[in-house]
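Below is entry24.cif, which holds mmCIF, C-alpha atoms.
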```cif
data_target
loop_
_atom_site.label_atom_id
_atom_site.label_comp_id
_atom_site.auth_asym_id
_atom_site.auth_seq_id
_atom_site.Cartn_x
_atom_site.Cartn_y
_atom_site.Cartn_z
CA MET A 560 -59.92 8.44 44.56
CA THR A 561 -60.90 10.38 41.44
CA THR A 562 -59.79 9.25 38.03
CA ALA A 563 -57.45 12.25 37.76
CA ALA A 564 -55.95 11.49 41.16
CA ALA A 565 -55.40 7.85 40.22
CA ARG A 566 -53.61 8.88 37.06
CA ALA A 567 -51.42 11.27 39.03
CA ALA A 568 -50.58 8.59 41.59
CA THR A 569 -49.43 6.12 38.96
CA ALA A 570 -47.67 8.59 36.65
CA THR A 571 -44.02 7.87 35.99
CA THR A 572 -41.73 10.67 37.13
CA PRO A 573 -38.64 11.60 35.08
CA ALA A 574 -36.44 9.94 37.69
CA THR A 575 -38.42 6.71 37.48
CA ALA A 576 -38.36 6.82 33.69
CA SER A 577 -34.58 7.06 33.65
CA MET A 578 -34.35 4.03 35.94
CA THR A 579 -36.44 1.92 33.56
CA ALA A 580 -34.90 3.15 30.27
CA PRO A 581 -33.27 0.44 28.14
CA PRO A 582 -29.53 0.14 28.58
CA ALA A 583 -27.19 1.64 26.03
CA PRO A 584 -26.23 -0.77 23.26
CA PRO A 585 -23.07 -2.71 24.11
CA THR A 586 -19.80 -1.98 22.36
CA LEU A 587 -16.60 -3.95 21.97
CA LYS A 588 -14.59 -1.13 23.53
CA ASP A 589 -11.75 -2.69 25.56
CA ALA A 590 -13.92 -5.73 26.36
CA THR A 591 -11.35 -8.14 24.96
CA ALA A 592 -7.60 -8.27 24.48
CA ILE A 593 -4.97 -10.00 22.39
CA VAL A 594 -2.79 -11.93 24.81
CA GLY A 595 -0.71 -14.16 22.56
CA ILE A 596 0.94 -13.96 19.14
CA GLY A 597 2.88 -16.55 17.17
CA GLN A 598 4.42 -17.04 13.77
CA THR A 599 6.53 -19.39 11.71
CA PRO A 600 9.64 -18.30 9.84
CA PHE A 601 8.96 -16.54 6.53
CA ALA A 602 10.56 -17.64 3.26
CA ARG A 603 9.93 -17.83 -0.45
CA ARG A 604 9.55 -21.58 0.06
CA LEU A 605 8.85 -23.63 3.18
CA ASP A 606 8.56 -27.41 2.95
CA ALA A 607 5.86 -27.83 5.62
CA SER A 608 2.19 -27.95 4.59
CA GLU A 609 -0.16 -25.03 5.21
CA LYS A 610 -1.87 -27.07 7.93
CA THR A 611 1.41 -27.74 9.69
CA LEU A 612 2.42 -24.09 9.46
CA ALA A 613 -0.96 -23.02 10.84
CA CYS A 614 -0.70 -25.36 13.82
CA ARG A 615 2.84 -24.22 14.60
CA ALA A 616 1.80 -20.57 14.62
CA ILE A 617 -1.29 -21.28 16.74
CA LEU A 618 0.63 -23.32 19.31
CA ALA A 619 3.28 -20.60 19.49
CA ALA A 620 0.58 -17.98 20.13
CA LEU A 621 -1.03 -20.09 22.87
CA ASP A 622 2.35 -20.64 24.51
CA ASP A 623 2.96 -16.90 24.33
CA ALA A 624 -0.33 -16.36 26.17
CA GLY A 625 0.22 -19.19 28.67
CA ILE A 626 -3.04 -20.87 27.70
CA PRO A 627 -3.29 -24.63 27.00
CA PRO A 628 -4.81 -25.63 23.64
CA SER A 629 -7.57 -27.58 25.40
CA GLN A 630 -9.12 -24.25 26.51
CA VAL A 631 -9.56 -22.90 22.97
CA ASP A 632 -13.25 -22.79 22.04
CA ALA A 633 -13.31 -20.33 19.11
CA PHE A 634 -11.58 -20.00 15.75
CA ALA A 635 -11.60 -17.34 13.04
CA SER A 636 -9.79 -17.17 9.73
CA TYR A 637 -10.18 -16.32 6.03
CA THR A 638 -12.42 -17.92 3.42
CA MET A 639 -9.24 -18.20 1.33
CA GLU A 640 -7.58 -20.28 4.07
CA GLU A 641 -6.91 -23.80 2.81
CA THR A 642 -6.78 -25.24 6.36
CA ASP A 643 -10.15 -25.49 8.09
CA GLU A 644 -11.03 -25.13 11.76
CA VAL A 645 -12.05 -28.79 12.09
CA GLU A 646 -8.60 -30.07 11.20
CA VAL A 647 -6.83 -27.33 13.13
CA ALA A 648 -8.89 -27.95 16.27
CA LYS A 649 -8.07 -31.67 16.20
CA ALA A 650 -4.41 -31.14 15.45
CA VAL A 651 -3.72 -28.61 18.21
CA GLY A 652 -5.89 -30.39 20.80
CA ALA A 653 -8.71 -27.87 21.26
CA GLY A 654 -11.72 -28.68 23.41
CA ASP A 655 -15.36 -28.23 22.41
CA VAL A 656 -15.60 -25.35 19.95
CA THR A 657 -18.59 -23.02 20.33
CA PHE A 658 -17.76 -20.34 17.76
CA PHE A 659 -16.08 -20.36 14.35
CA ALA A 660 -16.11 -17.86 11.50
CA ARG A 661 -14.43 -17.04 8.21
CA THR A 662 -14.25 -13.74 6.37
CA GLY A 663 -13.90 -13.22 2.65
CA PHE A 664 -12.04 -10.88 0.32
CA GLY A 665 -8.46 -11.97 0.88
CA GLY A 666 -6.42 -9.32 2.65
CA GLY A 667 -9.60 -7.45 3.60
CA ALA A 668 -10.31 -10.19 6.14
CA SER A 669 -7.28 -9.82 8.42
CA CYS A 670 -8.62 -7.49 11.11
CA ALA A 671 -12.12 -8.95 10.82
CA THR A 672 -10.87 -12.28 12.19
CA VAL A 673 -9.96 -10.58 15.46
CA ALA A 674 -13.13 -8.48 15.42
CA HIS A 675 -15.33 -11.58 15.11
CA LEU A 676 -13.56 -13.30 17.98
CA ALA A 677 -13.87 -10.16 20.10
CA ALA A 678 -17.61 -10.00 19.45
CA ALA A 679 -18.06 -13.69 20.27
CA ILE A 680 -16.12 -13.43 23.53
CA ALA A 681 -17.74 -10.15 24.59
CA THR A 682 -21.20 -11.71 24.15
CA GLY A 683 -20.37 -14.93 25.98
CA GLN A 684 -20.29 -17.26 22.99
CA ALA A 685 -16.70 -18.29 23.68
CA SER A 686 -13.85 -17.67 26.11
CA VAL A 687 -10.56 -18.29 24.24
CA GLY A 688 -10.35 -17.47 20.56
CA VAL A 689 -7.63 -18.08 18.00
CA ALA A 690 -7.33 -16.24 14.69
CA TRP A 691 -4.81 -17.34 12.08
CA ARG A 692 -3.64 -17.18 8.49
CA SER A 693 -1.41 -19.79 6.87
CA ARG A 694 -0.34 -19.37 3.28
CA LYS A 695 2.12 -20.74 0.77
CA ARG A 696 2.00 -17.87 -1.71
CA GLY A 697 5.70 -18.01 -2.41
CA SER A 698 5.80 -21.66 -3.46
CA GLY A 699 2.12 -22.09 -4.34
CA PRO A 700 -0.02 -21.10 -7.34
CA ARG A 701 -1.28 -17.59 -8.08
CA PRO A 702 -5.07 -17.34 -7.58
CA TRP A 703 -5.67 -15.75 -10.98
CA THR A 704 -3.92 -18.56 -12.89
CA ASP A 705 -6.77 -21.04 -12.36
CA THR A 706 -8.46 -20.67 -15.74
CA ARG A 707 -10.75 -23.65 -15.09
CA ARG A 708 -12.93 -21.56 -12.80
CA GLN A 709 -15.72 -19.49 -14.31
CA LEU A 710 -15.10 -15.78 -13.88
CA PRO A 711 -17.16 -14.21 -11.11
CA THR A 712 -19.38 -11.39 -12.34
CA PRO A 713 -17.05 -8.49 -11.39
CA ALA A 714 -14.07 -10.12 -13.11
CA GLN A 715 -15.99 -10.31 -16.37
CA TRP A 716 -15.58 -6.54 -16.57
CA THR A 717 -11.83 -6.56 -15.97
CA ARG A 718 -9.91 -9.72 -16.84
CA PRO A 719 -10.97 -10.10 -20.49
CA TYR A 720 -9.58 -6.59 -21.01
CA GLY A 721 -6.15 -7.25 -19.57
CA LEU A 722 -6.59 -6.59 -15.85
CA LEU A 723 -5.52 -10.09 -14.93
CA ARG A 724 -3.82 -9.50 -11.59
CA PRO A 725 -4.47 -7.30 -8.54
CA ALA A 726 -1.36 -5.34 -9.57
CA ASP A 727 -3.04 -4.40 -12.86
CA GLU A 728 -6.18 -3.21 -11.10
CA ILE A 729 -4.38 -1.17 -8.46
CA ALA A 730 -2.18 0.30 -11.21
CA MET A 731 -5.32 1.89 -12.66
CA LEU A 732 -6.21 3.47 -9.32
CA ALA A 733 -2.62 4.61 -8.86
CA ARG A 734 -2.56 6.30 -12.27
CA ARG A 735 -5.82 8.08 -11.52
CA TYR A 736 -4.48 9.19 -8.14
CA MET A 737 -1.35 10.56 -9.82
CA HIS A 738 -3.42 12.39 -12.43
CA GLU A 739 -5.94 13.93 -10.04
CA TYR A 740 -3.75 14.82 -7.06
CA GLY A 741 -0.20 15.06 -8.33
CA ALA A 742 1.17 11.95 -6.65
CA THR A 743 4.49 10.84 -8.10
CA ARG A 744 6.68 7.76 -8.08
CA ASP A 745 8.79 9.52 -5.47
CA HIS A 746 5.81 9.35 -3.11
CA PHE A 747 5.42 5.64 -3.73
CA PHE A 748 9.16 5.25 -3.12
CA ASN A 749 8.73 6.98 0.25
CA VAL A 750 6.36 4.16 1.23
CA ALA A 751 8.62 1.39 -0.06
CA ARG A 752 11.68 2.88 1.63
CA ALA A 753 9.97 3.27 5.02
CA CYS A 754 8.86 -0.36 5.01
CA ARG A 755 12.29 -1.54 3.89
CA ASN A 756 14.08 0.54 6.53
CA HIS A 757 11.86 -0.97 9.23
CA ALA A 758 12.48 -4.47 7.86
CA HIS A 759 16.21 -3.76 8.06
CA ARG A 760 15.78 -3.73 11.86
CA ASN A 761 13.71 -6.94 11.91
CA PRO A 762 15.71 -10.21 11.70
CA ALA A 763 12.51 -12.12 10.87
CA ALA A 764 11.85 -10.01 7.76
CA ILE A 765 12.63 -11.46 4.35
CA MET A 766 14.20 -8.14 3.32
CA HIS A 767 16.29 -7.81 6.48
CA GLY A 768 19.75 -6.55 5.59
CA ARG A 769 18.73 -5.57 2.04
CA PRO A 770 18.53 -1.75 1.88
CA LEU A 771 16.52 -0.05 -0.86
CA THR A 772 17.90 3.06 -2.58
CA ARG A 773 16.02 5.48 -4.78
CA GLU A 774 18.23 4.50 -7.72
CA THR A 775 17.42 0.82 -7.25
CA TYR A 776 13.73 1.59 -6.97
CA MET A 777 13.56 3.84 -10.02
CA SER A 778 15.54 1.48 -12.25
CA SER A 779 13.61 -1.68 -11.34
CA ARG A 780 11.38 -3.44 -13.87
CA TRP A 781 7.73 -2.62 -14.33
CA ILE A 782 5.14 -5.02 -12.95
CA SER A 783 2.14 -3.00 -14.12
CA GLU A 784 2.94 0.60 -14.94
CA PRO A 785 3.14 2.85 -12.89
CA LEU A 786 3.90 0.10 -10.35
CA CYS A 787 7.44 -1.24 -10.40
CA LEU A 788 8.87 -4.29 -8.68
CA PHE A 789 9.23 -2.56 -5.32
CA ASP A 790 5.67 -1.22 -5.32
CA ASN A 791 4.45 -4.80 -4.97
CA CYS A 792 4.30 -7.03 -1.91
CA LEU A 793 6.50 -10.05 -1.40
CA GLU A 794 5.51 -13.61 -2.30
CA THR A 795 5.87 -15.58 0.89
CA ASP A 796 5.26 -18.87 2.67
CA GLY A 797 4.43 -18.63 6.37
CA ALA A 798 1.75 -18.51 9.06
CA LEU A 799 0.73 -16.27 11.95
CA ALA A 800 -1.82 -16.45 14.76
CA CYS A 801 -3.10 -14.53 17.76
CA VAL A 802 -5.12 -15.37 20.88
CA VAL A 803 -8.08 -13.27 22.07
CA VAL A 804 -9.71 -13.46 25.53
CA SER A 805 -11.88 -11.24 27.71
CA ALA A 806 -10.30 -8.20 29.33
CA GLU A 807 -10.92 -9.77 32.73
CA ARG A 808 -9.12 -12.98 31.86
CA ALA A 809 -6.34 -11.09 30.10
CA ARG A 810 -5.09 -9.73 33.42
CA ASP A 811 -4.03 -13.25 34.42
CA CYS A 812 -2.26 -14.19 31.18
CA ARG A 813 1.48 -14.46 30.71
CA ARG A 814 1.84 -11.30 28.59
CA SER A 815 0.60 -7.75 29.05
CA PRO A 816 -2.79 -7.45 27.31
CA VAL A 817 -3.30 -5.39 24.17
CA TYR A 818 -6.93 -4.30 24.19
CA VAL A 819 -9.24 -4.32 21.17
CA HIS A 820 -10.53 -0.78 21.59
CA ALA A 821 -12.61 -0.65 18.41
CA ALA A 822 -13.20 -2.74 15.30
CA ALA A 823 -15.00 -2.22 12.02
CA GLN A 824 -15.62 -3.62 8.57
CA GLY A 825 -16.36 -1.61 5.46
CA LEU A 826 -18.13 -2.27 2.17
CA PRO A 827 -19.11 0.95 0.35
CA ALA A 828 -22.22 1.26 -1.80
CA GLN A 829 -21.89 0.00 -5.36
CA HIS A 830 -18.40 -1.31 -4.67
CA HIS A 831 -16.45 -3.18 -7.35
CA GLY A 832 -13.38 -4.92 -5.97
CA MET A 833 -10.02 -3.27 -6.60
CA VAL A 834 -11.10 -0.99 -9.47
CA ASN A 835 -14.22 0.51 -7.83
CA TYR A 836 -15.78 1.07 -11.26
CA TRP A 837 -19.30 1.96 -10.19
CA ASN A 838 -18.53 4.50 -7.47
CA ASP A 839 -18.90 8.19 -8.21
CA ASP A 840 -15.34 8.49 -6.92
CA PRO A 841 -13.24 5.33 -7.33
CA LEU A 842 -10.52 6.72 -5.04
CA THR A 843 -12.96 6.73 -2.11
CA GLY A 844 -12.46 3.09 -1.27
CA PRO A 845 -13.63 0.76 1.51
CA SER A 846 -11.31 2.40 4.05
CA TRP A 847 -13.59 5.44 4.14
CA THR A 848 -16.59 3.29 5.09
CA ALA A 849 -14.65 1.28 7.69
CA ALA A 850 -13.15 4.44 9.18
CA ARG A 851 -16.51 6.08 9.86
CA GLN A 852 -17.60 3.04 11.83
CA LEU A 853 -14.24 2.62 13.58
CA TRP A 854 -13.90 6.16 14.94
CA LYS A 855 -17.59 6.33 15.91
CA THR A 856 -17.06 4.13 18.98
CA ALA A 857 -13.49 5.12 19.85
CA ASP A 858 -12.32 7.34 22.70
CA PHE A 859 -9.58 8.84 20.53
CA GLY A 860 -9.08 9.96 16.95
CA PRO A 861 -6.45 9.80 14.20
CA GLU A 862 -4.41 12.53 15.85
CA ASP A 863 -3.95 10.29 18.89
CA VAL A 864 -2.60 7.25 17.04
CA ASP A 865 1.06 6.62 17.89
CA VAL A 866 1.83 4.03 15.22
CA ALA A 867 -0.05 2.46 12.32
CA GLN A 868 0.12 -0.87 10.52
CA ILE A 869 -1.49 -0.14 7.15
CA TYR A 870 -2.13 -2.84 4.58
CA ASP A 871 0.53 -2.57 1.90
CA ALA A 872 0.06 -5.11 -0.84
CA PHE A 873 0.93 -2.14 -3.08
CA THR A 874 2.56 1.17 -2.17
CA PRO A 875 -0.34 3.42 -3.36
CA LEU A 876 -2.67 1.77 -0.84
CA ILE A 877 -0.91 3.54 2.02
CA PRO A 878 -1.53 7.16 0.91
CA LEU A 879 -5.09 6.20 -0.03
CA SER A 880 -5.59 4.66 3.42
CA LEU A 881 -4.02 7.64 5.20
CA GLU A 882 -6.78 9.74 3.64
CA GLY A 883 -9.54 7.22 4.27
CA TYR A 884 -8.73 6.86 7.98
CA GLY A 885 -8.48 10.60 8.49
CA PHE A 886 -4.77 11.25 8.98
CA CYS A 887 -4.85 13.90 6.26
CA GLY A 888 -7.27 15.53 3.85
CA ARG A 889 -8.50 14.28 0.52
CA GLY A 890 -5.68 14.17 -2.00
CA GLU A 891 -3.04 14.82 0.68
CA GLY A 892 -1.92 11.25 1.29
CA ALA A 893 1.01 11.39 -1.13
CA ALA A 894 2.40 14.58 0.40
CA PHE A 895 1.94 13.06 3.87
CA THR A 896 4.70 10.55 3.03
CA GLU A 897 7.34 13.25 2.55
CA ASP A 898 10.19 14.18 4.92
CA GLY A 899 10.38 10.73 6.51
CA ALA A 900 6.86 10.95 7.93
CA LEU A 901 6.38 7.17 7.79
CA GLU A 902 9.78 6.33 9.27
CA LEU A 903 10.65 5.68 12.89
CA GLY A 904 10.70 9.14 14.50
CA GLY A 905 8.43 10.56 11.81
CA ARG A 906 4.92 11.96 11.93
CA LEU A 907 3.27 8.51 11.81
CA PRO A 908 5.57 5.47 11.75
CA VAL A 909 3.97 2.86 9.51
CA ASN A 910 4.51 -0.91 9.16
CA THR A 911 7.32 -1.06 11.65
CA GLY A 912 7.99 -4.76 11.06
CA GLY A 913 8.42 -4.19 7.33
CA GLY A 914 4.83 -4.96 6.29
CA GLY A 915 3.82 -6.91 3.24
CA LEU A 916 6.35 -5.04 1.15
CA SER A 917 9.43 -6.04 3.13
CA GLU A 918 8.68 -8.42 6.04
CA ALA A 919 6.30 -11.00 4.57
CA TYR A 920 3.02 -11.10 2.71
CA VAL A 921 0.56 -13.31 4.56
CA HIS A 922 -2.60 -11.39 3.71
CA GLY A 923 -1.82 -8.71 6.28
CA PHE A 924 -1.85 -10.81 9.44
CA ASN A 925 1.72 -9.76 10.26
CA LEU A 926 0.39 -6.21 10.65
CA ILE A 927 -1.75 -7.41 13.58
CA THR A 928 1.11 -9.16 15.33
CA GLU A 929 3.40 -6.16 14.80
CA GLY A 930 0.74 -3.88 16.28
CA VAL A 931 0.73 -6.09 19.38
CA ARG A 932 4.52 -5.95 19.62
CA GLN A 933 4.48 -2.18 19.41
CA LEU A 934 2.05 -1.88 22.32
CA ARG A 935 4.00 -4.45 24.32
CA GLY A 936 7.15 -2.40 23.69
CA THR A 937 8.95 -5.30 21.99
CA SER A 938 9.08 -4.24 18.33
CA THR A 939 12.42 -4.21 16.56
CA ALA A 940 11.51 -0.70 15.38
CA GLN A 941 9.85 0.42 18.60
CA VAL A 942 7.99 3.74 18.73
CA PRO A 943 8.88 5.14 22.17
CA GLY A 944 5.91 5.17 24.54
CA ALA A 945 3.41 3.86 21.96
CA THR A 946 0.02 3.19 23.55
CA THR A 947 -2.31 3.30 20.54
CA CYS A 948 -2.12 1.56 17.17
CA LEU A 949 -4.29 1.43 14.06
CA VAL A 950 -4.21 -1.81 12.07
CA THR A 951 -5.93 -1.96 8.68
CA ALA A 952 -6.81 -4.69 6.23
CA GLY A 953 -6.75 -4.40 2.44
CA GLU A 954 -7.86 -1.18 0.82
CA GLY A 955 -9.49 -1.82 -2.56
CA VAL A 956 -11.59 -4.74 -1.33
CA PRO A 957 -14.25 -5.04 1.39
CA THR A 958 -12.07 -4.37 4.39
CA SER A 959 -11.69 -4.27 8.16
CA ALA A 960 -9.71 -2.37 10.80
CA LEU A 961 -8.74 -2.47 14.46
CA LEU A 962 -7.82 0.14 17.03
CA LEU A 963 -5.53 -1.40 19.61
CA ARG A 964 -4.41 0.16 22.89
CA SER A 965 -2.19 -0.92 25.76
#
```
For the file at hand, write its structure as C-alpha cells.
Amino acid sequence: MTTAAARAATATTPATASMTAPPAPPTLKDATAIVGIGQTPFARRLDASEKTLACRAILAALDDAGIPPSQVDAFASYTMEETDEVEVAKAVGAGDVTFFARTGFGGGASCATVAHLAAAIATGQASVGVAWRSRKRGSGPRPWTDTRRQLPTPAQWTRPYGLLRPADEIAMLARRYMHEYGATRDHFFNVARACRNHAHRNPAAIMHGRPLTRETYMSSRWISEPLCLFDNCLETDGALACVVVSAERARDCRRSPVYVHAAAQGLPAQHHGMVNYWNDDPLTGPSWTAARQLWKTADFGPEDVDVAQIYDAFTPLIPLSLEGYGFCGRGEGAAFTEDGALELGGRLPVNTGGGGLSEAYVHGFNLITEGVRQLRGTSTAQVPGATTCLVTAGEGVPTSALLLRS
C-alpha cells in the first residue's frame, strides 16, 4: 500500500470525528431537586439557642422530605452562621458526611448554599444535602457594633465617615437611583406594601394582620434618609432549612420535587460591598453579573418567570434587582413597581410570603422556602399555575441566585 493510500485508509471521517468528540460540559440543569423544607417560628425573641433552632428546622425539612437524618451526607450554610456542620451533624444524627461548604457575604450566600449542594450531588460527591440558616438577629447583637474588631479594608473607606450600617450604605445607592432615574419614595412604598400585603395572608409572618398604609409609611421615622422604618427589613430570630437530592431520587420522596433548573453566583469587577465605590456605574451591582451566568444555562428567560422571591433587606434592592435580572430596562425598575405589579395578580408577584420586610429576616433563606411552596402550590399567596420561580440573594454584596421549576 502506498503512503498516500495508507493515510487515506486511516483518515478520520466527519462521522467518526463526531463520535469521538469530547462530551458537552455538564450543567446543573434539573439534575437535582429540593424535596423538603422546614422552619421554626419567627419572633423578635426566641429563647432557644441558634444551634437548637437550626436542628429543629433541619429535622422538620427532613421529615417533610421523608428522609431519615442518618442518610444526610452533605451540609451547606453561611460563613456568618454561628452553628457549624460538625455540631449540627452530631445533633441531628447524620451519617458520614462527604461534602460541606460555607459561603460568605451574609445575605448574598442564601441561594449559593443550595447551588453548592446541587453541584456536589450532581457530581456524585454526596446524595442527601441539607442547607440551613439559623439566626438570632432580633435578640442578638448587631454585627457592626463590635468595635473590638479591626475594620476590614473596604470598611475603612466607609465607616469612619458615618456609613456605619448597611442601611446607611444602601441609602447612598437609593439616593443616587432617585437622582439619576426619577425613583421616588412612592416607588419604595410600592415594594413595602406588596410584601406587607403578602404577609397579611401568611400566618407565620411577623407582620401578619398588620396592614401598611401609605400614610403610615410616609410618616414613619427615618432610619437613614431616604430610607424610613418600613424600607428596612425586620429584626428576627428563627431558622430555616431545605433538603436537596438528585432528580432521580426526588421522584421517590414524600413531596413533589422542585427542580434546581439553574444556579449562579456573581461578583462584579472592582466590587466594593454595598456602596460599589470603584465601579464605573455603582448602580450596576452583583445581580447583573449573576444574571448573565444564570440565564446562560436556562431553558427560559425573565419573561417566563411566574413568580419571584427577590432579596429585600431594603426596598430599593427590588427595583435594582428587577433591572439586573432582566425584567425591565435600565432605570425602569422603579416604574415597574407601579399599578400593583408586585402584588398577587400583578405583572410579577414578588416575595409572596412577605419577604425580609414583612415575614422574617433570616438572611434571605425564607425566600428559598417560599419559592418551593409556590411551585408545590401551597403558598398562602399562591400564584395560580406557577411553574417557574426566580430566587435571589442580596443585591449590593457578592450574590447568588436560583431558577426553580416544578
Show me as a ChimeraX atom specification the residues that reach within 8 Å of (-10.4, 7.7, 3.5), counting only C-alpha atoms and using the file's own coordinates.
/A:843-848,850,879-885,889
I need the output of the PyMOL selection byres ((chain A and resi 751-757) around 8) for this file as a ChimeraX atom specification; which residues are they?
/A:747-750,758-761,766-767,769-772,789-790,874,899,901-903,909-914,916-917,940
Hey, can you spit out that residue selection with C-alpha atoms as a PDB file, keeping the file's coordinate frame?
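For reference, out.pdb as written:
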```
ATOM      1  CA  PHE A 747       5.420   5.640  -3.730  1.00  0.00           C
ATOM      2  CA  PHE A 748       9.160   5.250  -3.120  1.00  0.00           C
ATOM      3  CA  ASN A 749       8.730   6.980   0.250  1.00  0.00           C
ATOM      4  CA  VAL A 750       6.360   4.160   1.230  1.00  0.00           C
ATOM      5  CA  ALA A 758      12.480  -4.470   7.860  1.00  0.00           C
ATOM      6  CA  HIS A 759      16.210  -3.760   8.060  1.00  0.00           C
ATOM      7  CA  ARG A 760      15.780  -3.730  11.860  1.00  0.00           C
ATOM      8  CA  ASN A 761      13.710  -6.940  11.910  1.00  0.00           C
ATOM      9  CA  MET A 766      14.200  -8.140   3.320  1.00  0.00           C
ATOM     10  CA  HIS A 767      16.290  -7.810   6.480  1.00  0.00           C
ATOM     11  CA  ARG A 769      18.730  -5.570   2.040  1.00  0.00           C
ATOM     12  CA  PRO A 770      18.530  -1.750   1.880  1.00  0.00           C
ATOM     13  CA  LEU A 771      16.520  -0.050  -0.860  1.00  0.00           C
ATOM     14  CA  THR A 772      17.900   3.060  -2.580  1.00  0.00           C
ATOM     15  CA  PHE A 789       9.230  -2.560  -5.320  1.00  0.00           C
ATOM     16  CA  ASP A 790       5.670  -1.220  -5.320  1.00  0.00           C
ATOM     17  CA  THR A 874       2.560   1.170  -2.170  1.00  0.00           C
ATOM     18  CA  GLY A 899      10.380  10.730   6.510  1.00  0.00           C
ATOM     19  CA  LEU A 901       6.380   7.170   7.790  1.00  0.00           C
ATOM     20  CA  GLU A 902       9.780   6.330   9.270  1.00  0.00           C
ATOM     21  CA  LEU A 903      10.650   5.680  12.890  1.00  0.00           C
ATOM     22  CA  VAL A 909       3.970   2.860   9.510  1.00  0.00           C
ATOM     23  CA  ASN A 910       4.510  -0.910   9.160  1.00  0.00           C
ATOM     24  CA  THR A 911       7.320  -1.060  11.650  1.00  0.00           C
ATOM     25  CA  GLY A 912       7.990  -4.760  11.060  1.00  0.00           C
ATOM     26  CA  GLY A 913       8.420  -4.190   7.330  1.00  0.00           C
ATOM     27  CA  GLY A 914       4.830  -4.960   6.290  1.00  0.00           C
ATOM     28  CA  LEU A 916       6.350  -5.040   1.150  1.00  0.00           C
ATOM     29  CA  SER A 917       9.430  -6.040   3.130  1.00  0.00           C
ATOM     30  CA  ALA A 940      11.510  -0.700  15.380  1.00  0.00           C
TER      31      ALA A 940
END
```
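In terms of minimum interatomic distance to Ile869 of chain A, A:Gly667 ranks closest within A:Gly888, A:Gly905, A:Pro957, A:Gly667, counting only C-alpha atoms.
For Ala919 of chain A, the set of protein, DNA and RNA residues having any atom at most 10 Å away, when counting only C-alpha atoms and skipping those fewer than 5 positions along the same chain, is A:Pro600, A:Phe601, A:Ala602, A:Arg603, A:Gly697, A:Ala758, A:Ala763, A:Ala764, A:Ile765, A:Met766, A:Cys792, A:Leu793, A:Glu794, A:Thr795, A:Asp796, A:Gly797, A:Ala798, A:Gly912, A:Gly913, A:Gly914, A:Phe924, A:Asn925, A:Leu926.
Straight-line separation from atom CA of Pro725 of chain A to atom CA of Leu786 of chain A: 11.3 Å.
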Using the chain letters and numbers from the file, give me the residues hit by the PyMOL selection byres ((chain A and resi 669) around 7), as an MDAnalysis selection string.
chainID A and resid 666:668 670:672 922:924 952
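Selection check: the PyMOL selection byres ((chain A and resi 651) around 9) on the shown file gives A:Cys614, A:Arg615, A:Ile617, A:Leu618, A:Pro628, A:Ser629, A:Glu646, A:Val647, A:Ala648, A:Lys649, A:Ala650, A:Gly652, A:Ala653.
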Okay, now the selection with C-alpha atoms, as a PDB file, in the frame of the given file?
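Saved file again16.pdb follows:
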```pdb
ATOM      1  CA  CYS A 614      -0.700 -25.360  13.820  1.00  0.00           C
ATOM      2  CA  ARG A 615       2.840 -24.220  14.600  1.00  0.00           C
ATOM      3  CA  ILE A 617      -1.290 -21.280  16.740  1.00  0.00           C
ATOM      4  CA  LEU A 618       0.630 -23.320  19.310  1.00  0.00           C
ATOM      5  CA  PRO A 628      -4.810 -25.630  23.640  1.00  0.00           C
ATOM      6  CA  SER A 629      -7.570 -27.580  25.400  1.00  0.00           C
ATOM      7  CA  GLU A 646      -8.600 -30.070  11.200  1.00  0.00           C
ATOM      8  CA  VAL A 647      -6.830 -27.330  13.130  1.00  0.00           C
ATOM      9  CA  ALA A 648      -8.890 -27.950  16.270  1.00  0.00           C
ATOM     10  CA  LYS A 649      -8.070 -31.670  16.200  1.00  0.00           C
ATOM     11  CA  ALA A 650      -4.410 -31.140  15.450  1.00  0.00           C
ATOM     12  CA  GLY A 652      -5.890 -30.390  20.800  1.00  0.00           C
ATOM     13  CA  ALA A 653      -8.710 -27.870  21.260  1.00  0.00           C
TER      14      ALA A 653
END
```
